[in-house]
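Next comes model-v9.cif, with mmCIF, C-alpha atoms.
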data_start
#
loop_
_atom_site.label_atom_id
_atom_site.label_comp_id
_atom_site.auth_asym_id
_atom_site.auth_seq_id
_atom_site.Cartn_x
_atom_site.Cartn_y
_atom_site.Cartn_z
CA MET E 14 37.58 -117.94 -17.32
CA PRO E 15 34.27 -119.57 -16.39
CA ALA E 16 34.10 -121.97 -13.43
CA GLY E 17 34.96 -125.56 -14.15
CA VAL E 18 38.01 -127.54 -15.20
CA HIS E 19 39.12 -126.70 -18.73
CA LEU E 20 41.43 -129.01 -20.65
CA ALA E 21 44.15 -127.29 -22.69
CA ALA E 22 47.20 -128.30 -24.68
CA TRP E 23 50.52 -126.77 -23.57
CA GLU E 24 50.93 -124.72 -26.78
CA GLU E 25 47.48 -123.19 -26.45
CA PHE E 26 47.98 -122.55 -22.74
CA ALA E 27 51.44 -120.96 -23.13
CA SER E 28 50.25 -118.82 -26.01
CA ARG E 29 47.23 -117.53 -24.09
CA PHE E 30 48.77 -116.99 -20.67
CA GLY E 31 52.53 -116.83 -21.19
CA THR E 32 53.24 -114.20 -23.81
CA SER E 33 51.52 -110.87 -23.12
CA THR E 34 53.91 -109.31 -20.58
CA PRO E 35 57.52 -109.84 -19.47
CA ARG E 36 56.22 -111.15 -16.13
CA ARG E 37 54.04 -113.72 -17.85
CA ILE E 38 56.89 -114.77 -20.16
CA TRP E 39 59.07 -115.29 -17.09
CA LEU E 40 56.43 -117.22 -15.15
CA VAL E 41 55.61 -119.52 -18.04
CA SER E 42 59.31 -120.35 -18.30
CA ARG E 43 59.26 -121.23 -14.59
CA LEU E 44 56.20 -123.39 -15.08
CA ARG E 45 57.82 -125.12 -18.05
CA ALA E 46 60.83 -125.93 -15.83
CA VAL E 47 58.59 -127.32 -13.06
CA LEU E 48 56.68 -129.51 -15.48
CA SER E 49 59.86 -130.73 -17.16
CA LEU E 50 61.26 -131.82 -13.80
CA ALA E 51 57.97 -133.38 -12.73
CA ALA E 52 57.77 -135.27 -16.04
CA SER E 53 61.35 -136.49 -15.57
CA THR E 54 60.08 -138.65 -12.71
CA ARG E 55 58.05 -140.63 -15.28
CA LYS E 56 55.25 -140.70 -12.70
CA LEU E 57 53.36 -137.52 -13.61
CA ARG E 58 49.70 -138.16 -14.36
CA ARG E 59 47.77 -134.87 -14.29
CA VAL E 60 48.51 -131.14 -14.02
CA PHE E 61 46.07 -128.44 -12.91
CA VAL E 62 46.76 -124.69 -12.90
CA TRP E 63 44.66 -121.98 -11.26
CA GLY E 64 44.98 -118.56 -9.65
CA SER E 65 46.08 -115.22 -11.06
CA PHE E 66 48.22 -116.79 -13.77
CA VAL E 67 45.12 -118.05 -15.55
CA THR E 68 43.41 -114.66 -15.46
CA SER E 69 43.94 -111.52 -17.53
CA LYS E 70 46.08 -109.93 -14.82
CA ALA E 71 49.20 -108.46 -16.43
CA SER E 72 51.54 -109.25 -13.57
CA PRO E 73 50.57 -112.43 -11.70
CA LYS E 74 52.33 -112.98 -8.39
CA ASP E 75 53.10 -116.64 -8.99
CA VAL E 76 51.76 -119.87 -10.48
CA ASP E 77 49.47 -122.18 -8.50
CA LEU E 78 49.45 -125.78 -9.57
CA LEU E 79 48.48 -129.27 -8.51
CA LEU E 80 50.32 -132.34 -9.75
CA THR E 81 49.04 -135.88 -9.40
CA LEU E 82 51.48 -138.75 -9.64
CA GLU E 83 51.30 -142.51 -9.95
CA GLU E 84 50.60 -144.62 -6.90
CA ASP E 85 54.21 -145.74 -6.44
CA PHE E 86 55.71 -142.25 -6.63
CA GLU E 87 58.11 -141.38 -3.81
CA VAL E 88 60.08 -138.15 -3.63
CA GLU E 89 63.24 -139.81 -2.36
CA HIS E 90 63.43 -141.93 -5.51
CA VAL E 91 63.70 -138.98 -7.89
CA ASN E 92 66.78 -136.93 -8.69
CA LEU E 93 67.72 -133.95 -6.53
CA ALA E 94 66.68 -131.32 -9.07
CA ALA E 95 63.21 -132.85 -9.35
CA GLN E 96 62.90 -133.18 -5.57
CA ALA E 97 62.81 -129.38 -5.34
CA VAL E 98 59.46 -129.38 -7.14
CA PHE E 99 57.93 -131.39 -4.29
CA ASP E 100 59.29 -129.14 -1.55
CA SER E 101 56.91 -126.21 -1.22
CA VAL E 102 59.54 -123.77 0.04
CA LEU E 103 62.10 -124.62 -2.65
CA ALA E 104 59.45 -124.62 -5.37
CA LYS E 105 58.39 -121.15 -4.33
CA LEU E 106 61.96 -119.84 -4.21
CA LEU E 107 63.24 -121.48 -7.39
CA TYR E 108 60.15 -121.51 -9.56
CA GLU E 109 57.81 -118.85 -8.10
CA SER E 110 55.21 -121.57 -7.93
CA ASP E 111 52.88 -122.85 -5.22
CA VAL E 112 53.10 -126.55 -6.02
CA PHE E 113 50.54 -128.88 -4.48
CA TRP E 114 50.88 -132.57 -5.22
CA ALA E 115 49.63 -136.03 -4.31
CA ARG E 116 49.54 -139.58 -5.52
CA THR E 117 46.49 -140.48 -7.60
CA SER E 118 45.66 -143.00 -4.89
CA ILE E 119 44.14 -140.22 -2.78
CA GLY E 120 41.12 -141.02 -4.95
CA ASN E 121 38.84 -139.08 -7.25
CA GLU E 122 36.56 -137.94 -4.44
CA ALA E 123 39.39 -136.20 -2.58
CA LEU E 124 40.74 -134.80 -5.85
CA ASP E 125 37.34 -133.36 -6.72
CA LEU E 126 37.08 -131.73 -3.28
CA TRP E 127 40.53 -130.25 -3.79
CA LEU E 128 39.60 -128.85 -7.21
CA ASP E 129 36.26 -127.57 -5.89
CA THR E 130 38.12 -125.67 -3.18
CA TYR E 131 40.47 -123.96 -5.61
CA GLN E 132 37.62 -122.99 -7.89
CA ILE E 133 36.66 -120.47 -5.20
CA SER E 134 38.94 -117.44 -5.13
CA ARG E 135 40.00 -115.73 -1.91
CA SER E 136 37.40 -113.09 -2.76
CA PHE E 137 34.77 -115.88 -2.94
CA ARG E 138 34.22 -115.73 -6.68
CA LYS E 139 33.91 -118.94 -8.69
CA ARG E 140 36.79 -119.29 -11.12
CA GLY E 141 38.11 -121.74 -13.63
CA ILE E 142 40.97 -124.21 -13.43
CA VAL E 143 43.05 -125.37 -16.39
CA GLU E 144 44.05 -129.00 -16.74
CA LEU E 145 47.04 -129.30 -19.02
CA GLU E 146 47.10 -132.15 -21.50
CA LEU E 147 50.17 -134.29 -21.02
CA PRO E 148 52.03 -135.53 -24.09
CA MET O 3 38.58 -110.99 3.65
CA ILE O 4 35.29 -112.51 4.73
CA GLN O 5 32.50 -109.94 4.65
CA THR O 6 29.30 -111.94 5.00
CA ASP O 7 27.93 -114.98 6.80
CA ASP O 8 27.60 -116.79 3.47
CA GLN O 9 31.27 -116.19 2.72
CA MET O 10 32.18 -117.51 6.16
CA LEU O 11 30.23 -120.70 5.48
CA ILE O 12 32.02 -121.12 2.16
CA ALA O 13 35.37 -120.61 3.90
CA GLN O 14 34.42 -123.26 6.46
CA GLN O 15 33.51 -125.66 3.66
CA CYS O 16 36.88 -125.02 1.99
CA VAL O 17 38.65 -125.82 5.27
CA ALA O 18 36.61 -129.01 5.63
CA ASN O 19 37.47 -130.01 2.04
CA LEU O 20 41.19 -129.50 2.64
CA ARG O 21 41.00 -131.50 5.88
CA THR O 22 39.42 -134.37 3.94
CA VAL O 23 42.19 -134.16 1.33
CA LEU O 24 44.77 -134.44 4.11
CA LEU O 25 42.97 -137.35 5.77
CA GLU O 26 43.02 -139.26 2.47
CA ALA O 27 46.59 -138.22 1.65
CA ARG O 28 47.99 -139.46 4.95
CA LYS O 29 46.63 -142.95 4.18
CA VAL O 30 48.49 -143.34 0.89
CA HIS O 31 51.85 -141.58 1.29
CA SER O 32 54.96 -142.35 3.28
CA PRO O 33 55.36 -140.23 6.42
CA GLN O 34 58.11 -138.18 4.76
CA ASP O 35 56.12 -137.54 1.60
CA TYR O 36 53.00 -136.76 3.59
CA SER O 37 54.91 -134.09 5.55
CA ARG O 38 56.12 -132.55 2.30
CA LEU O 39 52.77 -132.43 0.56
CA ALA O 40 50.82 -131.40 3.65
CA GLU O 41 52.90 -128.30 4.36
CA PRO O 42 51.29 -125.91 1.84
CA ILE O 43 47.82 -127.33 2.52
CA LEU O 44 48.18 -126.81 6.27
CA LEU O 45 49.30 -123.24 5.60
CA GLU O 46 46.22 -122.70 3.46
CA ILE O 47 43.97 -124.11 6.20
CA GLN O 48 45.65 -121.88 8.78
CA GLN O 49 45.13 -118.76 6.65
CA ARG O 50 41.47 -119.55 6.00
CA GLN O 51 40.81 -120.36 9.65
CA GLN O 52 42.43 -117.07 10.64
CA GLU O 53 40.05 -115.23 8.32
CA ILE O 54 37.09 -117.07 9.86
CA LEU O 55 38.21 -116.15 13.37
CA GLU O 56 38.70 -112.51 12.38
CA TYR O 57 35.19 -112.42 10.94
CA LEU O 58 33.66 -114.05 14.02
CA SER O 59 35.59 -111.77 16.38
CA GLY O 60 33.53 -108.75 15.31
CA SER O 61 29.88 -108.16 16.13
CA VAL O 62 27.27 -107.63 13.40
CA GLY O 63 27.23 -103.92 14.27
CA GLN O 64 30.98 -103.64 13.85
CA ARG O 65 30.82 -105.41 10.50
CA VAL O 66 28.07 -103.11 9.25
CA ALA O 67 30.12 -100.09 10.33
CA GLN O 68 33.21 -101.43 8.55
CA LEU O 69 31.30 -102.09 5.35
CA GLY O 70 29.50 -98.77 5.49
#

Take the structure in this file and express it as structure tokens.
Amino acid sequence: MPAGVHLAAWEEFASRFGTSTPRRIWLVSRLRAVLSLAASTRKLRRVFVWGSFVTSKASPKDVDLLLTLEEDFEVEHVNLAAQAVFDSVLAKLLYESDVFWARTSIGNEALDLWLDTYQISRSFRKRGIVELELP
Amino acid sequence: MIQTDDQMLIAQQCVANLRTVLLEARKVHSPQDYSRLAEPILLEIQQRQQEILEYLSGSVGQRVAQLG
């Protein structure tokens, strides 16, 4: 995928990245669970996915994602199941996902720096990020 | 793994970017939420800084020998 942030609908995204191998089918089910819990907070604003899951690799290790949430979001105010999404250790264990998150009030400048950073792979290649359209 | 000076500079910029994200995040989250969200970012910073230190710990001659 070329560098940049690419907007995609869930159906298109799941069809492209979540069907070709048993590993991908499993990981997309984990991602669906994460997003369902995050959406249950009613504070989810934006979702970005990057890393090996959005490449052609047959067996990605995990899913890397960034969630932004409304300014009044607080983890302790959401149900226990959803709280796991915002605990990096639990999210990794339960959902095989590296979940990064922040309130939108960190500002667009900080968000852009964050996205710029994850557009550079650990092998220093520029890579794309997918932003999922929310319903 | 960092193999060139340019890559090291990029890695340093990534660390600086993540530090800025944390500085902004700590202004707008509760202490508990900041601790939660900072954990994976701090780990990322630590890993990238380790790579920078490993690169800088070798001389140019050693690097050339490794790449050759």

So which residues get picked by the PyMOL selection byres ((chain O) within 6 of (chain E)) here, written as a list in words?
-> Cys16, Asn19, Val23, Glu26 and Ala27 of chain O

Resulting file, chosen residues, C-alpha atoms, as a CSV table (one decimal), keeping the file's coordinate frame:
chain,number,residue,atom,x,y,z
O,16,CYS,CA,36.9,-125.0,2.0
O,19,ASN,CA,37.5,-130.0,2.0
O,23,VAL,CA,42.2,-134.2,1.3
O,26,GLU,CA,43.0,-139.3,2.5
O,27,ALA,CA,46.6,-138.2,1.6

Given the file shown, enumerate the residues that the PyMOL selection byres ((chain O and resi 57) around 9) captures and present them as JSON, numbers by chain.
-> {"O": [3, 4, 5, 6, 7, 10, 52, 53, 54, 55, 56, 58, 59, 60, 61, 65]}

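Interatomic distance, atom CA of E:Tyr108 against atom CA of E:Leu40: 8.0 Å.
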
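Atom pair atom CA of E:Leu57 / atom CA of E:Ser69: separated by 27.9 Å.
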
Quick one: apply the PyMOL selection byres ((chain E and resi 147) around 12) to the file and drop the selected residues here as an MDAnalysis selection string.
-> chainID E and resid 20:24 48:49 51:52 55:61 80:81 144:146 148

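Pairwise distance (atom CA of O:Leu24, atom CA of O:Tyr36) equals 8.6 Å.
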
Excluding O:Val17 and residues on its chain fewer than 2 positions from it, collect all residues at most 8 Å away from it, counting only C-alpha atoms, and give them as a PyMOL selection string.
-> chain O and resi 13-15+19-21+47+50-51

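Among the candidate residues E:Ser134, E:Ser110, E:Asn92, E:Thr34, the one lying nearest to E:Ala46 is E:Ser110, with distances computed using only C-alpha atoms.
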
With all atoms listed in the file as the counted atoms, please give the residues lying no more than 8 Å from E:Ala71, apart from itself and same-chain residues fewer than 4 positions off, as an mmCIF file with C-alpha atoms, keeping the file's coordinate frame.
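Wrote it out as out.cif, contents follow:
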data_model
loop_
_atom_site.group_PDB
_atom_site.id
_atom_site.type_symbol
_atom_site.label_atom_id
_atom_site.label_comp_id
_atom_site.auth_asym_id
_atom_site.auth_seq_id
_atom_site.Cartn_x
_atom_site.Cartn_y
_atom_site.Cartn_z
ATOM 1 C CA SER E 33 51.520 -110.870 -23.120
ATOM 2 C CA THR E 34 53.910 -109.310 -20.580
ATOM 3 C CA ARG E 36 56.220 -111.150 -16.130
ATOM 4 C CA ARG E 37 54.040 -113.720 -17.850
#

Could you give me the axis-aligned bounding box of stretch 116-131 of chain E, with 3 Å of padding per side, as centre plus edge lengths in Å to one decimal, as JSON?
{"center_x": 42.9, "center_y": -133.5, "center_z": -5.1, "size_x": 19.3, "size_y": 25.0, "size_z": 11.0}

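The nearest approach to E:Leu50 among the residues E:Phe30, E:Val62, E:Leu79, E:Ala95, with only C-alpha atoms taken into account, belongs to E:Ala95.
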
As an mmCIF file, keeping the file's coordinate frame, the rebuilt stretch 50-65 of chain E with N, CA and C atoms:
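So the final result, stored in rebuild_33.cif, reads:
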data_model
loop_
_atom_site.group_PDB
_atom_site.id
_atom_site.type_symbol
_atom_site.label_atom_id
_atom_site.label_comp_id
_atom_site.auth_asym_id
_atom_site.auth_seq_id
_atom_site.Cartn_x
_atom_site.Cartn_y
_atom_site.Cartn_z
ATOM 1 N N LEU E 50 60.705 -131.033 -14.908
ATOM 2 C CA LEU E 50 61.260 -131.820 -13.800
ATOM 3 C C LEU E 50 60.252 -132.857 -13.302
ATOM 4 N N ALA E 51 59.000 -132.441 -13.193
ATOM 5 C CA ALA E 51 57.970 -133.380 -12.730
ATOM 6 C C ALA E 51 57.818 -134.536 -13.724
ATOM 7 N N ALA E 52 57.888 -134.213 -15.019
ATOM 8 C CA ALA E 52 57.770 -135.270 -16.040
ATOM 9 C C ALA E 52 58.977 -136.189 -16.022
ATOM 10 N N SER E 53 60.131 -135.662 -15.594
ATOM 11 C CA SER E 53 61.350 -136.490 -15.570
ATOM 12 C C SER E 53 61.229 -137.642 -14.575
ATOM 13 N N THR E 54 60.287 -137.553 -13.653
ATOM 14 C CA THR E 54 60.080 -138.650 -12.710
ATOM 15 C C THR E 54 59.407 -139.853 -13.382
ATOM 16 N N ARG E 55 58.827 -139.614 -14.533
ATOM 17 C CA ARG E 55 58.050 -140.630 -15.280
ATOM 18 C C ARG E 55 56.820 -141.100 -14.505
ATOM 19 N N LYS E 56 56.414 -140.325 -13.515
ATOM 20 C CA LYS E 56 55.250 -140.700 -12.700
ATOM 21 C C LYS E 56 54.124 -139.662 -12.781
ATOM 22 N N LEU E 57 54.344 -138.608 -13.555
ATOM 23 C CA LEU E 57 53.360 -137.520 -13.610
ATOM 24 C C LEU E 57 52.108 -137.968 -14.350
ATOM 25 N N ARG E 58 50.960 -137.738 -13.736
ATOM 26 C CA ARG E 58 49.700 -138.160 -14.360
ATOM 27 C C ARG E 58 48.833 -137.002 -14.803
ATOM 28 N N ARG E 59 48.649 -135.992 -13.931
ATOM 29 C CA ARG E 59 47.770 -134.870 -14.290
ATOM 30 C C ARG E 59 48.342 -133.566 -13.731
ATOM 31 N N VAL E 60 48.027 -132.470 -14.426
ATOM 32 C CA VAL E 60 48.510 -131.140 -14.020
ATOM 33 C C VAL E 60 47.340 -130.165 -14.069
ATOM 34 N N PHE E 61 47.129 -129.448 -12.972
ATOM 35 C CA PHE E 61 46.070 -128.440 -12.910
ATOM 36 C C PHE E 61 46.694 -127.088 -12.538
ATOM 37 N N VAL E 62 46.241 -126.025 -13.188
ATOM 38 C CA VAL E 62 46.760 -124.690 -12.900
ATOM 39 C C VAL E 62 45.583 -123.767 -12.615
ATOM 40 N N TRP E 63 45.720 -122.931 -11.587
ATOM 41 C CA TRP E 63 44.660 -121.980 -11.260
ATOM 42 C C TRP E 63 45.285 -120.686 -10.741
ATOM 43 N N GLY E 64 44.453 -119.787 -10.246
ATOM 44 C CA GLY E 64 44.980 -118.560 -9.650
ATOM 45 C C GLY E 64 45.202 -117.458 -10.662
ATOM 46 N N SER E 65 45.958 -116.438 -10.245
ATOM 47 C CA SER E 65 46.080 -115.220 -11.060
ATOM 48 C C SER E 65 46.750 -115.484 -12.406
#
